[in-house]
file entry_5.cif (mmCIF, C-alpha atoms)
data_model
loop_
_atom_site.label_atom_id
_atom_site.label_comp_id
_atom_site.auth_asym_id
_atom_site.auth_seq_id
_atom_site.Cartn_x
_atom_site.Cartn_y
_atom_site.Cartn_z
CA MET D 5 73.78 47.38 -31.43
CA ARG D 6 70.58 45.88 -30.13
CA ILE D 7 69.59 42.22 -30.09
CA LYS D 8 65.95 41.21 -30.07
CA GLU D 9 65.21 37.54 -29.50
CA SER D 10 62.22 35.57 -30.69
CA THR D 11 61.53 31.92 -31.40
CA LYS D 12 59.89 30.05 -34.24
CA GLY D 13 59.50 26.46 -33.14
CA ASP D 14 62.89 25.28 -31.99
CA VAL D 15 64.72 28.01 -33.90
CA THR D 16 65.89 31.17 -32.16
CA VAL D 17 65.74 34.32 -34.24
CA LEU D 18 68.08 37.13 -33.25
CA THR D 19 67.12 40.40 -34.88
CA LEU D 20 70.07 42.76 -34.84
CA SER D 21 69.70 46.48 -35.34
CA GLY D 22 72.11 49.39 -35.44
CA LYS D 23 75.78 49.19 -36.16
CA MET D 24 78.05 46.27 -35.36
CA MET D 25 81.26 48.19 -34.90
CA ASN D 26 84.29 48.18 -32.66
CA GLY D 27 83.65 48.62 -29.02
CA PRO D 28 81.78 46.69 -26.37
CA GLU D 29 78.41 46.89 -28.10
CA SER D 30 79.52 44.81 -31.04
CA ILE D 31 80.87 41.97 -28.96
CA ASP D 32 77.56 41.36 -27.23
CA LEU D 33 76.51 38.84 -29.85
CA HIS D 34 78.91 36.02 -29.04
CA PRO D 35 78.28 36.04 -25.27
CA TYR D 36 74.56 36.15 -26.04
CA VAL D 37 74.84 33.13 -28.29
CA LYS D 38 76.86 31.25 -25.68
CA GLN D 39 74.03 31.80 -23.22
CA LEU D 40 71.61 30.38 -25.80
CA ILE D 41 73.80 27.30 -26.16
CA GLU D 42 73.77 26.79 -22.40
CA LYS D 43 69.98 26.76 -22.57
CA GLY D 44 70.04 24.22 -25.39
CA GLN D 45 69.05 26.69 -28.08
CA VAL D 46 71.48 25.83 -30.85
CA LYS D 47 69.50 26.58 -34.00
CA VAL D 48 69.88 30.28 -34.63
CA VAL D 49 68.88 32.66 -37.39
CA VAL D 50 70.45 36.10 -37.36
CA ASP D 51 68.21 38.67 -39.00
CA MET D 52 70.49 41.37 -40.38
CA GLY D 53 67.87 43.41 -42.18
CA LYS D 54 68.28 46.31 -39.77
CA VAL D 55 72.05 46.24 -39.48
CA LYS D 56 73.30 49.48 -40.95
CA TRP D 57 76.96 48.63 -40.85
CA PHE D 58 79.27 46.04 -39.39
CA SER D 59 82.99 46.18 -38.93
CA SER D 60 85.48 43.35 -38.78
CA THR D 61 84.68 43.13 -35.07
CA GLY D 62 81.05 42.49 -35.88
CA LEU D 63 82.05 39.97 -38.50
CA GLY D 64 84.27 38.29 -35.97
CA ALA D 65 81.36 38.08 -33.55
CA LEU D 66 79.28 36.35 -36.24
CA LEU D 67 82.05 33.89 -37.03
CA ALA D 68 82.73 33.12 -33.38
CA SER D 69 79.02 32.63 -32.76
CA ALA D 70 78.73 30.27 -35.71
CA THR D 71 81.76 28.32 -34.53
CA SER D 72 80.34 27.93 -31.03
CA LEU D 73 76.96 26.82 -32.34
CA ARG D 74 78.42 24.27 -34.74
CA ASN D 75 80.63 22.90 -32.00
CA ALA D 76 77.38 22.38 -30.07
CA ASP D 77 75.83 20.52 -33.04
CA GLY D 78 73.79 23.56 -33.99
CA ASP D 79 74.13 26.23 -36.62
CA LEU D 80 73.84 29.91 -37.41
CA LYS D 81 72.12 31.12 -40.56
CA ILE D 82 71.79 34.61 -41.92
CA ALA D 83 68.61 36.28 -43.07
CA ARG D 84 67.97 39.55 -44.90
CA ALA D 85 71.61 40.52 -45.39
CA THR D 86 71.76 43.90 -47.10
CA ARG D 87 73.62 44.41 -50.36
CA LYS D 88 76.68 45.80 -48.61
CA ILE D 89 76.83 42.89 -46.20
CA SER D 90 76.32 40.34 -48.98
CA SER D 91 79.12 41.95 -51.02
CA VAL D 92 81.61 41.48 -48.24
CA PHE D 93 80.42 37.93 -47.50
CA TYR D 94 81.00 37.12 -51.14
CA MET D 95 84.44 38.71 -51.35
CA MET D 96 85.61 37.08 -48.12
CA GLU D 97 84.27 33.69 -49.28
CA LEU D 98 81.95 33.65 -46.33
CA THR D 99 79.14 32.39 -48.53
CA SER D 100 80.74 29.00 -48.06
CA VAL D 101 80.43 29.39 -44.28
CA PHE D 102 77.11 31.12 -43.78
CA GLU D 103 73.88 30.07 -45.39
CA SER D 104 72.07 33.27 -46.26
CA TYR D 105 68.37 33.66 -46.99
CA GLU D 106 66.23 36.50 -48.18
CA SER D 107 63.73 36.15 -45.38
CA VAL D 108 63.65 34.96 -41.80
CA ASP D 109 60.96 32.42 -42.63
CA GLU D 110 63.10 30.85 -45.35
CA ALA D 111 66.04 30.63 -42.99
CA VAL D 112 63.89 29.02 -40.29
CA GLU D 113 62.38 26.54 -42.77
CA SER D 114 65.84 25.51 -43.92
CA TYR D 115 66.42 23.93 -40.53
CA GLN D 116 63.45 21.64 -41.13
CA ASP D 117 64.61 20.84 -44.65
CA SER D 118 67.96 19.67 -43.37
CA GLU D 119 66.51 17.29 -40.75
CA MET E 28 86.95 68.27 -46.21
CA GLU E 29 89.05 69.44 -49.12
CA HIS E 30 88.61 68.54 -52.75
CA GLY E 31 91.23 69.27 -55.31
CA SER E 32 94.68 67.98 -56.02
CA VAL E 33 96.08 65.35 -53.71
CA GLY E 34 99.57 64.64 -54.89
CA THR E 35 99.41 64.67 -58.67
CA ASN E 36 95.87 63.32 -58.88
CA GLU E 37 92.42 64.63 -58.31
CA GLY E 38 91.29 63.71 -54.84
CA TYR E 39 89.86 64.44 -51.46
CA ARG E 40 91.32 65.07 -48.06
CA ILE E 41 89.27 64.76 -44.92
CA VAL E 42 90.16 64.99 -41.25
CA ILE E 43 88.02 62.74 -39.11
CA SER E 44 87.64 62.81 -35.35
CA GLY E 45 87.85 59.58 -33.43
CA ASN E 46 84.12 59.46 -32.91
CA PRO E 47 82.84 56.27 -34.59
CA ASP E 48 79.53 58.02 -35.23
CA GLU E 49 81.36 60.09 -37.85
CA TYR E 50 82.50 57.08 -39.80
CA HIS E 51 79.48 57.23 -42.02
CA LYS E 52 80.99 60.41 -43.53
CA ILE E 53 84.07 58.47 -44.53
CA ARG E 54 82.05 55.65 -46.00
CA ARG E 55 79.86 58.03 -47.96
CA LEU E 56 82.84 59.91 -49.33
CA VAL E 57 84.66 56.76 -50.34
CA HIS E 58 81.59 55.27 -51.95
CA PHE E 59 80.84 58.50 -53.79
CA ALA E 60 84.41 58.84 -55.03
CA ALA E 61 84.44 55.26 -56.28
CA LEU E 62 81.16 55.67 -58.17
CA GLN E 63 82.48 58.90 -59.70
CA GLN E 64 85.36 56.91 -61.15
CA GLY E 65 82.86 54.65 -62.88
CA ILE E 66 83.25 51.79 -60.46
CA GLU E 67 80.20 49.57 -59.98
CA GLU E 68 78.25 49.49 -56.76
CA GLN E 69 79.53 46.16 -55.52
CA GLU E 70 83.13 47.16 -56.01
CA ALA E 71 82.47 50.54 -54.42
CA ASP E 72 81.11 48.62 -51.41
CA ILE E 73 84.36 46.69 -51.25
CA ILE E 74 86.51 49.81 -51.32
CA GLU E 75 84.30 51.45 -48.73
CA ARG E 76 84.67 48.40 -46.49
CA ALA E 77 88.45 48.25 -46.73
CA VAL E 78 88.93 51.95 -46.10
CA ALA E 79 86.53 51.86 -43.15
CA GLU E 80 88.58 49.03 -41.66
CA ALA E 81 91.76 51.04 -42.10
CA CYS E 82 90.15 53.97 -40.32
CA SER E 83 88.88 51.76 -37.49
CA ASN E 84 92.32 50.26 -37.18
CA ALA E 85 93.91 53.70 -37.00
CA LEU E 86 91.59 54.74 -34.23
CA PHE E 87 92.14 51.49 -32.38
CA HIS E 88 95.84 52.27 -32.21
CA GLU E 89 95.40 55.79 -30.89
CA PRO E 90 96.77 56.19 -27.38
CA ALA E 91 93.97 55.74 -24.86
CA GLU E 92 94.96 58.91 -23.07
CA LYS E 93 94.78 61.06 -26.20
CA GLU E 94 92.12 63.69 -25.71
CA ASN E 95 91.05 64.29 -29.29
CA PRO E 96 91.90 61.28 -31.41
CA SER E 97 91.75 61.93 -35.12
CA PHE E 98 93.13 60.79 -38.40
CA VAL E 99 93.37 61.95 -41.99
CA LEU E 100 91.98 60.21 -45.04
CA GLU E 101 93.30 61.19 -48.45
CA MET E 102 91.89 59.78 -51.64
CA GLN E 103 93.69 59.99 -54.96
CA LEU E 104 91.64 59.25 -58.04
CA ASN E 105 92.74 58.55 -61.59
CA ASP E 106 91.63 56.38 -64.49
CA ALA E 107 93.69 53.42 -63.37
CA SER E 108 93.11 53.25 -59.64
CA ILE E 109 91.68 54.63 -56.47
CA THR E 110 94.22 55.16 -53.70
CA SER E 111 93.15 55.75 -50.12
CA ILE E 112 95.71 56.83 -47.56
CA VAL E 113 94.93 56.79 -43.85
CA LYS E 114 97.29 58.67 -41.57
CA ASN E 115 97.28 58.86 -37.81
CA ARG E 116 99.70 59.42 -34.97
CA GLY E 117 99.72 56.63 -32.47
CA LYS E 118 101.02 53.21 -31.62
CA ALA E 119 102.66 51.23 -34.38
CA PHE E 120 100.65 48.51 -36.08
CA ASN E 121 101.71 44.91 -36.29
CA PHE E 122 100.75 44.98 -39.93
CA ASP E 123 103.02 42.74 -41.94
CA ASP E 124 103.03 39.85 -39.48
CA VAL E 125 99.28 39.40 -39.54
CA GLU E 126 98.48 36.10 -41.21
CA PRO E 127 95.89 35.92 -43.96
CA PHE E 128 92.60 34.49 -42.78
CA ASP E 129 91.74 31.37 -44.69
CA ILE E 130 88.06 30.88 -44.08
CA GLN E 131 88.11 27.20 -44.99
CA GLN E 132 91.05 26.33 -42.78
CA ASP E 133 90.64 28.75 -39.93
CA PHE E 134 86.90 28.95 -39.46
CA MET E 135 86.28 26.25 -36.87
CA ALA E 136 89.31 27.32 -34.85
CA TYR E 137 88.37 30.98 -34.95
CA LYS E 138 88.01 32.66 -31.56
CA GLU E 139 87.45 36.35 -32.11
CA GLY E 140 89.29 39.45 -33.27
CA GLY E 141 92.06 40.13 -35.74
CA LEU E 142 90.12 40.28 -38.98
CA GLY E 143 90.56 43.94 -39.89
CA ILE E 144 93.95 43.69 -41.56
CA PRO E 145 93.21 40.40 -43.36
CA ILE E 146 90.03 41.98 -44.70
CA MET E 147 91.94 44.98 -46.04
CA LYS E 148 94.52 42.73 -47.67
CA ARG E 149 91.87 40.53 -49.18
CA LEU E 150 89.71 43.27 -50.60
CA MET E 151 92.33 45.62 -52.03
CA ASP E 152 94.97 45.11 -54.70
CA ILE E 153 97.76 46.80 -52.78
CA VAL E 154 97.94 47.40 -49.02
CA GLN E 155 101.02 49.02 -47.53
CA TYR E 156 101.93 50.17 -44.07
CA GLU E 157 104.66 52.63 -43.22
CA ARG E 158 105.79 53.93 -39.90
CA HIS E 159 107.24 57.42 -40.06
CA ASP E 160 109.02 59.66 -37.58
CA ASP E 161 106.92 61.31 -34.92
CA ASN E 162 104.72 58.24 -34.50
CA LEU E 163 103.00 58.66 -37.85
CA ASN E 164 101.25 55.58 -39.24
CA VAL E 165 100.46 55.62 -42.95
CA VAL E 166 98.29 52.91 -44.46
CA THR E 167 97.91 52.98 -48.25
CA LEU E 168 95.14 51.03 -49.95
CA VAL E 169 94.99 50.78 -53.72
CA LYS E 170 92.18 49.37 -55.80
CA ASN E 171 92.86 49.05 -59.50
CA ILE E 172 89.95 49.99 -61.67
CA ASN E 173 88.67 46.93 -63.52
CA PRO E 174 90.81 46.53 -66.65
CA GLN E 175 87.94 44.61 -68.28
CA ARG E 176 85.96 47.79 -68.29
CA GLU E 177 88.69 49.58 -70.19
CA LYS E 178 89.21 46.59 -72.49
CA GLY E 179 85.50 46.59 -73.28
CA ALA E 180 85.75 50.25 -74.24
CA GLU E 181 88.73 49.50 -76.49
CA ASP E 182 86.86 46.63 -78.20
CA ASP E 183 83.90 48.92 -78.83
CA ASN E 184 86.20 51.46 -80.42
CA GLU E 185 87.74 48.85 -82.73
CA ASN E 186 84.30 47.71 -83.91
#

call {"tool": "encode", "arguments": {"input": "entry_5.cif", "output": "structure tokens"}}
result
Amino acid sequence: MRIKESTKGDVTVLTLSGKMMNGPESIDLHPYVKQLIEKGQVKVVVDMGKVKWFSSTGLGALLASATSLRNADGDLKIARATRKISSVFYMMELTSVFESYESVDEAVESYQDSE
Amino acid sequence: MEHGSVGTNEGYRIVISGNPDEYHKIRRLVHFAALQQGIEEQEADIIERAVAEACSNALFHEPAEKENPSFVLEMQLNDASITSIVKNRGKAFNFDDVEPFDIQQDFMAYKEGGLGIPIMKRLMDIVQYERHDDNLNVVTLVKNINPQREKGAEDDNEN
């Protein structure tokens, strides 16, 4: 899995691509997010439009990242979740945990709306 | 891959190597089989997810020193349900003691790991684990086909 970082104002956008599966590659996300928190970057949007598949390990990395960000008074929002990802979010009641948006811009704007 | 009778039902049997890059074959097969049974896309996604987790879990419990890890997926299809059975030889699973993951209660305390089995249990109607002789793990996942769909067909027939 690859992580590409960009910023839009004070929001960090992490564009993930590939497969978030078991193995070391899928646990890169949480350590990456912790580094962002250390730098004071606590508003994060995860762009999942290019994620082909994610396992429970990948899901765990998302949850752990969200937990860490919220404990730092920030947040993690999802953008461009595919149908398969949205299905699992819905079944696991994760829609109550993750705000999900159809585009990165909408997810970024939601941070301004909530201020 | 074999297609034909699996037990007393129509089904598929596939032997998968431990290479995660081959998992897409499993997912495609499961998704295809579910759609063939008339299951809708979203529910087919769910079954695909649960079976993929079972396969990942099986591989995770393979001995590290095993040269060619592999496992078997059998799918049994009938009008009432889709049954997926994952078999592998390896370490035993701590299956029944895994607590359900309550997203509302457990979210802010969540560290990382341990979601595979709760996901399977949440997504499927029946999940069973058996440990057999010769280190054989057998995980059975059953998804009942939506009874509303059959009820709808019955109502149409009555009208």

call {"tool": "residues_around", "arguments": {"input": "entry_5.cif", "residues": "Ile41 of chain D", "least_positions_apart": "4", "cutoff": "12 Å", "atoms": "only C-alpha atoms", "output": "VMD selection string"}}
result
chain D and resid 15 to 16 34 to 37 45 to 48 69 to 80

call {"tool": "resolve_selection", "arguments": {"input": "entry_5.cif", "expression": "the PyMOL selection byres ((chain D) within 10 of (chain E))", "output": "number ranges by chain"}}
result
D: 23, 25-27, 31, 34, 56-72, 74-75, 87-92, 95-98, 100-101

call {"tool": "resolve_selection", "arguments": {"input": "entry_5.cif", "expression": "the PyMOL selection byres ((chain D and resi 18-22) around 9)", "output": "number ranges by chain"}}
result
D: 5-11, 16-17, 23-24, 48-58

call {"tool": "atom_distance", "arguments": {"input": "entry_5.cif", "atom1": "atom CA of Cys82 of chain E", "atom2": "atom CA of Glu157 of chain E"}}
result
14.9 Å

call {"tool": "atom_distance", "arguments": {"input": "entry_5.cif", "atom1": "atom CA of Asn171 of chain E", "atom2": "atom CA of Ser108 of chain E"}}
result
4.2 Å

call {"tool": "resolve_selection", "arguments": {"input": "entry_5.cif", "expression": "the PyMOL selection byres ((chain D and resi 112) around 10)", "output": "list in words"}}
result
Thr11, Lys12, Gly13, Asp14, Val15, Thr16, Val17, Lys47, Val48, Val49, Lys81, Ile82, Ala83, Tyr105, Ser107, Val108, Asp109, Glu110, Ala111, Glu113, Ser114, Tyr115, Gln116 and Asp117 of chain D

call {"tool": "write_last_selection", "arguments": {"input": "entry_5.cif", "atoms": "C-alpha atoms", "output": "tab-separated table (two decimals), in the frame of the given file"}}
result
chain	number	residue	atom	x	y	z
D	11	THR	CA	61.53	31.92	-31.40
D	12	LYS	CA	59.89	30.05	-34.24
D	13	GLY	CA	59.50	26.46	-33.14
D	14	ASP	CA	62.89	25.28	-31.99
D	15	VAL	CA	64.72	28.01	-33.90
D	16	THR	CA	65.89	31.17	-32.16
D	17	VAL	CA	65.74	34.32	-34.24
D	47	LYS	CA	69.50	26.58	-34.00
D	48	VAL	CA	69.88	30.28	-34.63
D	49	VAL	CA	68.88	32.66	-37.39
D	81	LYS	CA	72.12	31.12	-40.56
D	82	ILE	CA	71.79	34.61	-41.92
D	83	ALA	CA	68.61	36.28	-43.07
D	105	TYR	CA	68.37	33.66	-46.99
D	107	SER	CA	63.73	36.15	-45.38
D	108	VAL	CA	63.65	34.96	-41.80
D	109	ASP	CA	60.96	32.42	-42.63
D	110	GLU	CA	63.10	30.85	-45.35
D	111	ALA	CA	66.04	30.63	-42.99
D	113	GLU	CA	62.38	26.54	-42.77
D	114	SER	CA	65.84	25.51	-43.92
D	115	TYR	CA	66.42	23.93	-40.53
D	116	GLN	CA	63.45	21.64	-41.13
D	117	ASP	CA	64.61	20.84	-44.65

call {"tool": "closest_residue", "arguments": {"input": "entry_5.cif", "among": "D:Gly44, D:Glu106, D:Gln39, D:Thr99", "to": "Arg84 of chain D", "atoms": "all atoms listed in the file"}}
result
D:Glu106

call {"tool": "atom_distance", "arguments": {"input": "entry_5.cif", "atom1": "atom CA of Ile53 of chain E", "atom2": "atom CA of Asp160 of chain E"}}
result
25.9 Å

call {"tool": "residues_around", "arguments": {"input": "entry_5.cif", "residues": "Val113 of chain E", "least_positions_apart": "5", "cutoff": "6 Å", "atoms": "all atoms listed in the file", "output": "list in words"}}
result
Val99, Leu100, Val165 and Val166 of chain E

call {"tool": "write_last_selection", "arguments": {"input": "entry_5.cif", "atoms": "C-alpha atoms", "output": "PDB file, keeping the file's coordinate frame"}}
result
ATOM      1  CA  VAL E  99      93.370  61.950 -41.990  1.00  0.00           C
ATOM      2  CA  LEU E 100      91.980  60.210 -45.040  1.00  0.00           C
ATOM      3  CA  VAL E 165     100.460  55.620 -42.950  1.00  0.00           C
ATOM      4  CA  VAL E 166      98.290  52.910 -44.460  1.00  0.00           C
TER       5      VAL E 166
END

call {"tool": "closest_residue", "arguments": {"input": "entry_5.cif", "among": "E:Ala119, E:Val42, E:Ile74, E:Ala107", "to": "Leu168 of chain E", "atoms": "all atoms listed in the file"}}
result
E:Ile74

call {"tool": "closest_residue", "arguments": {"input": "entry_5.cif", "among": "E:Ile109, E:Ile41, E:Val78, E:Ile153", "to": "Ser97 of chain E", "atoms": "only C-alpha atoms"}}
result
E:Ile41

call {"tool": "residues_around", "arguments": {"input": "entry_5.cif", "residues": "Phe120 of chain E", "least_positions_apart": "5", "cutoff": "9 Å", "atoms": "all atoms listed in the file", "output": "list in words"}}
result
Asn84, Ala85, His88, Tyr156, Arg158 and Asn164 of chain E
